[in-house]
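K.L.:
One structure coming up, written as C-alpha cells, with questions to follow.
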Amino acid sequence: MEVPVKQSCSWTLKAVLNCRDIIQNSPVWDNMLRDTKYKSRAMYEDLKDSSQQDVAWRKMLFHNLARPRAVHILWRACHNSLATKERLCRFGMLANMDCCFCGAVESLQHLLFECNATKVIWHAVLKWLQFHHSPLGWKEELVWMLEQSNRKGWRYTMLKCAFTEAVYEIWCHRNRVCLENEDRHNSDSIVFKIIDNVIYRCWSKVQLRQHIGKLMLP
C-alpha cells in the first residue's frame with residue numbers, strides 16, 4: 001500500500017494506486033476486513049464515481065447472442081477506440097488516411113457504414129432479416145440500433161446479434177485487405193459469413209429456431 005505513483009506508471013496502474021486513499025477511508029472496506037470476505041460488487045459500487053452515468057449503448061452489449069470476440073469489437077467501436085487510419089494518423093503512427101475500399105478518409109464514421117463497400121454488406125444483412133432500412137454513418141446507425149434494442153421480439157434479438165457480427169466481420173475484412181491484400185470486392189462472402197454466424201449463435205435459443213428456418217427459405 002506504500003508504492004509511490006510514478007510518472008512512468010501506465011494510466012491503468014496510476015488509476016489503481018490513486019484508489020488507495022479512497023479504499024483506506026472506506027467503511028465498506030473496513031467491514032470486509034472484519035468479515036474476512038471480499039465482495040467485489042459492493043467494492044465496485046463504493047469506488048464507482050456517482051457522477052458517472054451509464055452510457056446508452058450498454059443495451060447493445062447486454063444479452064447479445066453474438067460471439068464474445070464480436071461483442072468486444074463492438075464495445076471498442078462504441079468507445080471509438082478502433083485503430084482506424086484517421087485515428088492512427090492523429091497519434092502520428094501513420095501518414096496515409098485513405099480508406100482501403102474507396103480512398104476517402106478512413107474514420108470510424110466512414111468505415112461503418114458510409115463507405116459503399118461496407119454499406120452494401122450491412123444492407124444485405126438487414127434485407128435478410130427483413131428490415132427496410134438504409135444504412136448511414138456509424139453515429140446515426142448506432143442511434144438507430146439503440147432505438148431497435150428497446151423493442152421486443154425475435155427479429156430485434158437477431159438484429160442486435162447481426163449488427164455486432166457485421167461490425168466484427170467488416171473490421172476483420174478491412175484488416176485483411178490492408179495487411180494481407182485480400183480481395184476488397186468479395187462482399188458476398190462477408191455477408192454469408194455474417195449470416196452464418198447469426199444463425200449459429202441464435203440457434204441455441206429454441207424460441208428463435210422456427211424464425212431462423214423461415215429466414216433460410218428461398
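Naming works like this for the C-alpha cells: A, B, ... for the chains as they're shown, residue 1 at the start of each chain, ligands 1 onward in shown order.
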Neighbouring residues of A:Leu146 were defined as those with any atom within 9 Å, considering only C-alpha atoms; residues of the same chain fewer than 5 positions away were excluded. Please report them as a PyMOL selection string.

P.N.:
chain A and resi 56-57+59-60+141

K.L.:
Can you write out as CSV which residues of stretch 101-212 of chain A fall within 8 Å of stretch 86-96 of chain A, alongside each residue's closest atom pair and its distance in Å to one decimal, counting only C-alpha atoms and ordering rows by chain and ascending residue number?

P.N.:
residue,atom,partner,partner_atom,distance
A:Val105,CA,A:Glu86,CA,6.7
A:Glu106,CA,A:Glu86,CA,5.6
A:Ser107,CA,A:Glu86,CA,5.2

K.L.:
Considering only C-alpha atoms, return as a list in words whatever protein or nucleic-acid residues lie within 12 Å of A:Asn186, sequence-local ones (same chain, fewer than 6 positions apart) excluded.

P.N.:
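So, after excluding close chain neighbours, the residues are Phe101, Ala117, Thr118, Val120, Ile121, Ile170, His173, Arg174, Arg176, Val177, Phe192 and Lys193 of chain A.
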
K.L.:
What does the structure give for the distance between atom CA of A:Asn64 and atom CA of A:Cys115, in Å to one decimal?

P.N.:
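Separation between atom CA of A:Asn64 and atom CA of A:Cys115: 25.7 Å.
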
K.L.:
Which residues are close to A:Thr157, i.e. within 9 Å by only C-alpha atoms, leaving aside same-chain residues fewer than 6 positions away? Reply as a list in words.

P.N.:
His63, Asn64, Leu65, Ser149, Arg151 and Cys202 of chain A

K.L.:
Within stretch 2-51 of chain A, find each residue whose DSSP state, derived from the backbone, is helix (DSSP H, G or I), and express the selection as a PyMOL selection string.

P.N.:
chain A and resi 11-18+20-24+27-35+40-47

K.L.:
For those residues, write N, CA and C atoms to a file as a PDB file, in the first residue's frame.

P.N.:
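The resulting file, again_4.pdb, is reproduced below:
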ATOM      1  N   TRP A  11      -1.385   4.396 -17.256  1.00  0.00           N
ATOM      2  CA  TRP A  11      -2.582   5.074 -16.726  1.00  0.00           C
ATOM      3  C   TRP A  11      -3.437   4.114 -15.909  1.00  0.00           C
ATOM      4  N   THR A  12      -3.397   2.815 -16.274  1.00  0.00           N
ATOM      5  CA  THR A  12      -4.165   1.824 -15.513  1.00  0.00           C
ATOM      6  C   THR A  12      -3.618   1.688 -14.102  1.00  0.00           C
ATOM      7  N   LEU A  13      -2.270   1.559 -13.994  1.00  0.00           N
ATOM      8  CA  LEU A  13      -1.648   1.414 -12.679  1.00  0.00           C
ATOM      9  C   LEU A  13      -1.829   2.677 -11.848  1.00  0.00           C
ATOM     10  N   LYS A  14      -1.746   3.849 -12.499  1.00  0.00           N
ATOM     11  CA  LYS A  14      -1.971   5.103 -11.772  1.00  0.00           C
ATOM     12  C   LYS A  14      -3.380   5.151 -11.189  1.00  0.00           C
ATOM     13  N   ALA A  15      -4.364   4.717 -11.991  1.00  0.00           N
ATOM     14  CA  ALA A  15      -5.753   4.722 -11.520  1.00  0.00           C
ATOM     15  C   ALA A  15      -5.923   3.787 -10.331  1.00  0.00           C
ATOM     16  N   VAL A  16      -5.263   2.620 -10.387  1.00  0.00           N
ATOM     17  CA  VAL A  16      -5.356   1.657  -9.278  1.00  0.00           C
ATOM     18  C   VAL A  16      -4.719   2.227  -8.017  1.00  0.00           C
ATOM     19  N   LEU A  17      -3.518   2.788  -8.169  1.00  0.00           N
ATOM     20  CA  LEU A  17      -2.807   3.305  -6.999  1.00  0.00           C
ATOM     21  C   LEU A  17      -3.505   4.524  -6.402  1.00  0.00           C
ATOM     22  N   ASN A  18      -4.145   5.321  -7.243  1.00  0.00           N
ATOM     23  CA  ASN A  18      -4.846   6.507  -6.741  1.00  0.00           C
ATOM     24  C   ASN A  18      -6.094   6.158  -5.944  1.00  0.00           C
ATOM     25  N   ARG A  20      -6.071   4.105  -3.490  1.00  0.00           N
ATOM     26  CA  ARG A  20      -5.680   3.657  -2.148  1.00  0.00           C
ATOM     27  C   ARG A  20      -6.313   4.492  -1.039  1.00  0.00           C
ATOM     28  N   ASP A  21      -6.261   5.820  -1.195  1.00  0.00           N
ATOM     29  CA  ASP A  21      -6.817   6.682  -0.146  1.00  0.00           C
ATOM     30  C   ASP A  21      -8.320   6.458   0.000  1.00  0.00           C
ATOM     31  N   ILE A  22      -8.995   6.263  -1.127  1.00  0.00           N
ATOM     32  CA  ILE A  22     -10.438   6.021  -1.075  1.00  0.00           C
ATOM     33  C   ILE A  22     -10.728   4.721  -0.343  1.00  0.00           C
ATOM     34  N   ILE A  23      -9.947   3.691  -0.651  1.00  0.00           N
ATOM     35  CA  ILE A  23     -10.164   2.382  -0.016  1.00  0.00           C
ATOM     36  C   ILE A  23      -9.883   2.438   1.481  1.00  0.00           C
ATOM     37  N   GLN A  24      -8.773   3.097   1.856  1.00  0.00           N
ATOM     38  CA  GLN A  24      -8.397   3.150   3.266  1.00  0.00           C
ATOM     39  C   GLN A  24      -9.425   3.884   4.119  1.00  0.00           C
ATOM     40  N   PRO A  27     -15.742   2.722   4.633  1.00  0.00           N
ATOM     41  CA  PRO A  27     -16.353   1.817   5.623  1.00  0.00           C
ATOM     42  C   PRO A  27     -16.667   0.450   5.032  1.00  0.00           C
ATOM     43  N   VAL A  28     -16.910   0.401   3.717  1.00  0.00           N
ATOM     44  CA  VAL A  28     -17.173  -0.887   3.066  1.00  0.00           C
ATOM     45  C   VAL A  28     -15.949  -1.784   3.169  1.00  0.00           C
ATOM     46  N   TRP A  29     -14.767  -1.204   2.936  1.00  0.00           N
ATOM     47  CA  TRP A  29     -13.520  -1.971   3.039  1.00  0.00           C
ATOM     48  C   TRP A  29     -13.277  -2.428   4.475  1.00  0.00           C
ATOM     49  N   ASP A  30     -13.563  -1.548   5.431  1.00  0.00           N
ATOM     50  CA  ASP A  30     -13.392  -1.919   6.849  1.00  0.00           C
ATOM     51  C   ASP A  30     -14.301  -3.083   7.225  1.00  0.00           C
ATOM     52  N   ASN A  31     -15.536  -3.052   6.740  1.00  0.00           N
ATOM     53  CA  ASN A  31     -16.466  -4.146   7.030  1.00  0.00           C
ATOM     54  C   ASN A  31     -15.991  -5.459   6.424  1.00  0.00           C
ATOM     55  N   MET A  32     -15.408  -5.377   5.230  1.00  0.00           N
ATOM     56  CA  MET A  32     -14.904  -6.590   4.586  1.00  0.00           C
ATOM     57  C   MET A  32     -13.721  -7.176   5.352  1.00  0.00           C
ATOM     58  N   LEU A  33     -12.876  -6.301   5.890  1.00  0.00           N
ATOM     59  CA  LEU A  33     -11.747  -6.782   6.674  1.00  0.00           C
ATOM     60  C   LEU A  33     -12.216  -7.497   7.935  1.00  0.00           C
ATOM     61  N   ARG A  34     -13.278  -6.986   8.527  1.00  0.00           N
ATOM     62  CA  ARG A  34     -13.819  -7.633   9.735  1.00  0.00           C
ATOM     63  C   ARG A  34     -14.533  -8.939   9.391  1.00  0.00           C
ATOM     64  N   ASP A  35     -15.197  -8.958   8.237  1.00  0.00           N
ATOM     65  CA  ASP A  35     -15.933 -10.164   7.847  1.00  0.00           C
ATOM     66  C   ASP A  35     -15.043 -11.204   7.187  1.00  0.00           C
ATOM     67  N   SER A  40     -16.868  -8.247  -4.401  1.00  0.00           N
ATOM     68  CA  SER A  40     -16.409  -7.374  -5.483  1.00  0.00           C
ATOM     69  C   SER A  40     -17.473  -6.368  -5.911  1.00  0.00           C
ATOM     70  N   ARG A  41     -18.746  -6.784  -5.923  1.00  0.00           N
ATOM     71  CA  ARG A  41     -19.802  -5.863  -6.357  1.00  0.00           C
ATOM     72  C   ARG A  41     -19.943  -4.685  -5.381  1.00  0.00           C
ATOM     73  N   ALA A  42     -19.893  -4.971  -4.088  1.00  0.00           N
ATOM     74  CA  ALA A  42     -20.008  -3.904  -3.093  1.00  0.00           C
ATOM     75  C   ALA A  42     -18.832  -2.940  -3.189  1.00  0.00           C
ATOM     76  N   MET A  43     -17.635  -3.477  -3.415  1.00  0.00           N
ATOM     77  CA  MET A  43     -16.453  -2.625  -3.538  1.00  0.00           C
ATOM     78  C   MET A  43     -16.508  -1.794  -4.815  1.00  0.00           C
ATOM     79  N   TYR A  44     -17.010  -2.406  -5.882  1.00  0.00           N
ATOM     80  CA  TYR A  44     -17.130  -1.675  -7.151  1.00  0.00           C
ATOM     81  C   TYR A  44     -18.102  -0.512  -7.010  1.00  0.00           C
ATOM     82  N   GLU A  45     -19.248  -0.756  -6.394  1.00  0.00           N
ATOM     83  CA  GLU A  45     -20.245   0.298  -6.219  1.00  0.00           C
ATOM     84  C   GLU A  45     -19.706   1.417  -5.334  1.00  0.00           C
ATOM     85  N   ASP A  46     -18.842   1.059  -4.367  1.00  0.00           N
ATOM     86  CA  ASP A  46     -18.279   2.065  -3.473  1.00  0.00           C
ATOM     87  C   ASP A  46     -17.237   2.925  -4.187  1.00  0.00           C
ATOM     88  N   LEU A  47     -16.489   2.307  -5.099  1.00  0.00           N
ATOM     89  CA  LEU A  47     -15.436   3.036  -5.804  1.00  0.00           C
ATOM     90  C   LEU A  47     -15.952   3.802  -7.013  1.00  0.00           C
TER      91      LEU A  47
END

K.L.:
Under the rule that only C-alpha atoms are counted, which of A:Trp122, A:Trp144, A:Trp128, A:Trp138 is the nearest residue to A:Ala77?

P.N.:
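Smallest distance to A:Ala77 is found for A:Trp138.
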
K.L.:
So that I can check the surroundings of A:Tyr200, please list as a compact mmCIF listing (two decimals) with C-alpha atoms, in the first residue's frame every protein, DNA and RNA residue that reaches within 10 Å of it, counting only C-alpha atoms and ignoring chain neighbours fewer than 2 positions away.

P.N.:
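part_3.txt, freshly written:
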# COMPACT_ATOMS: atom_id res chain seq x y z
CA LEU A 65 -26.03 -13.57 -28.68
CA ALA A 66 -23.04 -12.69 -30.87
CA ARG A 67 -19.61 -14.21 -30.33
CA ILE A 194 -22.18 -12.81 -41.02
CA ILE A 195 -25.46 -14.62 -41.68
CA ASP A 196 -23.89 -18.00 -40.90
CA ASN A 197 -22.62 -16.71 -37.55
CA VAL A 198 -26.01 -15.18 -36.71
CA CYS A 202 -29.12 -17.71 -32.41
CA TRP A 203 -29.89 -21.39 -32.97
CA SER A 204 -29.08 -22.03 -29.30
CA ILE A 212 -34.49 -18.75 -38.43

K.L.:
Between atom CA of A:Pro135 and atom CA of A:Lys85, what is the distance, to one decimal in Å?

P.N.:
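A separation of 21.8 Å between them.
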
K.L.:
Would you compute the distance between atom CA of A:Cys100 and atom CA of A:Ala83? Give it in Å to one decimal.

P.N.:
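Answer for the atom CA of A:Cys100 to atom CA of A:Ala83 separation: 13.7 Å.
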
K.L.:
Which residues are close to A:Cys78, i.e. within 10 Å by only C-alpha atoms, leaving aside same-chain residues fewer than 5 positions away? Reply as a PyMOL selection string.

P.N.:
chain A and resi 55+57-58+60+72-73+108+138-139+142

K.L.:
Once you have the residues from the selection above, write them out as a JSON list (two decimals), in the first residue's frame, restricted to all heavy atoms.

P.N.:
[["chain", "number", "residue", "atom", "x", "y", "z"],
["A", 55, "VAL", "N", -23.78, 4.63, -20.05],
["A", 55, "VAL", "CA", -23.86, 5.00, -21.46],
["A", 55, "VAL", "C", -25.06, 4.31, -22.09],
["A", 55, "VAL", "O", -25.43, 3.20, -21.71],
["A", 55, "VAL", "CB", -22.57, 4.62, -22.21],
["A", 55, "VAL", "CG1", -21.41, 5.49, -21.75],
["A", 55, "VAL", "CG2", -22.22, 3.15, -22.02],
["A", 57, "TRP", "N", -25.37, 3.00, -25.05],
["A", 57, "TRP", "CA", -25.09, 1.81, -25.86],
["A", 57, "TRP", "C", -24.82, 0.56, -25.04],
["A", 57, "TRP", "O", -24.54, -0.50, -25.61],
["A", 57, "TRP", "CB", -23.94, 2.08, -26.83],
["A", 57, "TRP", "CG", -22.71, 2.73, -26.25],
["A", 57, "TRP", "CD1", -22.35, 4.03, -26.36],
["A", 57, "TRP", "CD2", -21.66, 2.09, -25.51],
["A", 57, "TRP", "NE1", -21.14, 4.26, -25.73],
["A", 57, "TRP", "CE2", -20.70, 3.08, -25.20],
["A", 57, "TRP", "CE3", -21.44, 0.78, -25.07],
["A", 57, "TRP", "CZ2", -19.54, 2.80, -24.47],
["A", 57, "TRP", "CZ3", -20.29, 0.50, -24.33],
["A", 57, "TRP", "CH2", -19.36, 1.51, -24.05],
["A", 58, "ARG", "N", -24.91, 0.65, -23.72],
["A", 58, "ARG", "CA", -24.73, -0.56, -22.91],
["A", 58, "ARG", "C", -25.77, -1.62, -23.25],
["A", 58, "ARG", "O", -25.52, -2.82, -23.11],
["A", 58, "ARG", "CB", -24.79, -0.22, -21.42],
["A", 58, "ARG", "CG", -26.19, 0.12, -20.91],
["A", 58, "ARG", "CD", -26.17, 0.64, -19.50],
["A", 58, "ARG", "NE", -27.50, 0.79, -18.94],
["A", 58, "ARG", "CZ", -28.32, 1.79, -19.20],
["A", 58, "ARG", "NH1", -27.94, 2.75, -20.01],
["A", 58, "ARG", "NH2", -29.53, 1.84, -18.66],
["A", 60, "MET", "N", -26.66, -2.48, -26.07],
["A", 60, "MET", "CA", -26.20, -3.26, -27.20],
["A", 60, "MET", "C", -25.36, -4.45, -26.76],
["A", 60, "MET", "O", -25.22, -5.43, -27.50],
["A", 60, "MET", "CB", -25.37, -2.38, -28.14],
["A", 60, "MET", "CG", -26.15, -1.28, -28.81],
["A", 60, "MET", "SD", -27.39, -1.96, -29.94],
["A", 60, "MET", "CE", -26.37, -2.94, -30.99],
["A", 72, "HIS", "N", -16.74, -7.72, -28.15],
["A", 72, "HIS", "CA", -15.59, -6.91, -27.73],
["A", 72, "HIS", "C", -15.28, -5.83, -28.76],
["A", 72, "HIS", "O", -15.01, -4.67, -28.40],
["A", 72, "HIS", "CB", -14.38, -7.81, -27.52],
["A", 72, "HIS", "CG", -13.11, -7.04, -27.25],
["A", 72, "HIS", "ND1", -12.89, -6.38, -26.06],
["A", 72, "HIS", "CD2", -12.01, -6.82, -28.02],
["A", 72, "HIS", "CE1", -11.70, -5.78, -26.10],
["A", 72, "HIS", "NE2", -11.16, -6.03, -27.27],
["A", 73, "ILE", "N", -15.29, -6.20, -30.05],
["A", 73, "ILE", "CA", -15.02, -5.21, -31.09],
["A", 73, "ILE", "C", -16.11, -4.15, -31.13],
["A", 73, "ILE", "O", -15.83, -2.96, -31.33],
["A", 73, "ILE", "CB", -14.88, -5.91, -32.46],
["A", 73, "ILE", "CG1", -13.61, -6.77, -32.49],
["A", 73, "ILE", "CG2", -14.85, -4.90, -33.60],
["A", 73, "ILE", "CD1", -12.32, -5.99, -32.29],
["A", 108, "LEU", "N", -13.96, 6.08, -38.28],
["A", 108, "LEU", "CA", -14.95, 5.09, -37.87],
["A", 108, "LEU", "C", -16.31, 5.42, -38.49],
["A", 108, "LEU", "O", -17.04, 4.51, -38.91],
["A", 108, "LEU", "CB", -15.05, 5.05, -36.35],
["A", 108, "LEU", "CG", -15.94, 3.95, -35.76],
["A", 108, "LEU", "CD1", -15.37, 2.57, -36.08],
["A", 108, "LEU", "CD2", -16.09, 4.12, -34.26],
["A", 138, "TRP", "N", -21.68, 5.67, -38.86],
["A", 138, "TRP", "CA", -21.62, 4.96, -37.60],
["A", 138, "TRP", "C", -22.48, 5.60, -36.51],
["A", 138, "TRP", "O", -23.25, 4.91, -35.82],
["A", 138, "TRP", "CB", -20.16, 4.87, -37.12],
["A", 138, "TRP", "CG", -20.02, 4.43, -35.71],
["A", 138, "TRP", "CD1", -19.61, 5.17, -34.64],
["A", 138, "TRP", "CD2", -20.32, 3.12, -35.17],
["A", 138, "TRP", "NE1", -19.63, 4.44, -33.49],
["A", 138, "TRP", "CE2", -20.05, 3.17, -33.79],
["A", 138, "TRP", "CE3", -20.79, 1.94, -35.74],
["A", 138, "TRP", "CZ2", -20.24, 2.06, -32.96],
["A", 138, "TRP", "CZ3", -20.97, 0.83, -34.92],
["A", 138, "TRP", "CH2", -20.70, 0.90, -33.55],
["A", 139, "LYS", "N", -22.37, 6.91, -36.33],
["A", 139, "LYS", "CA", -23.12, 7.56, -35.26],
["A", 139, "LYS", "C", -24.62, 7.42, -35.46],
["A", 139, "LYS", "O", -25.36, 7.10, -34.51],
["A", 139, "LYS", "CB", -22.74, 9.04, -35.18],
["A", 139, "LYS", "CG", -21.30, 9.29, -34.77],
["A", 139, "LYS", "CD", -20.99, 10.78, -34.75],
["A", 139, "LYS", "CE", -19.54, 11.02, -34.37],
["A", 139, "LYS", "NZ", -19.19, 12.47, -34.39],
["A", 142, "LEU", "N", -25.71, 3.73, -34.99],
["A", 142, "LEU", "CA", -25.74, 3.33, -33.59],
["A", 142, "LEU", "C", -26.99, 3.85, -32.90],
["A", 142, "LEU", "O", -27.61, 3.14, -32.10],
["A", 142, "LEU", "CB", -24.49, 3.85, -32.88],
["A", 142, "LEU", "CG", -24.30, 3.40, -31.42],
["A", 142, "LEU", "CD1", -24.26, 1.88, -31.32],
["A", 142, "LEU", "CD2", -23.03, 4.01, -30.83]]

K.L.:
Which residues come within 12 Å of A:His132, counting only C-alpha atoms, excluding same-chain residues fewer than 6 positions away, as a count of residues only?

P.N.:
5
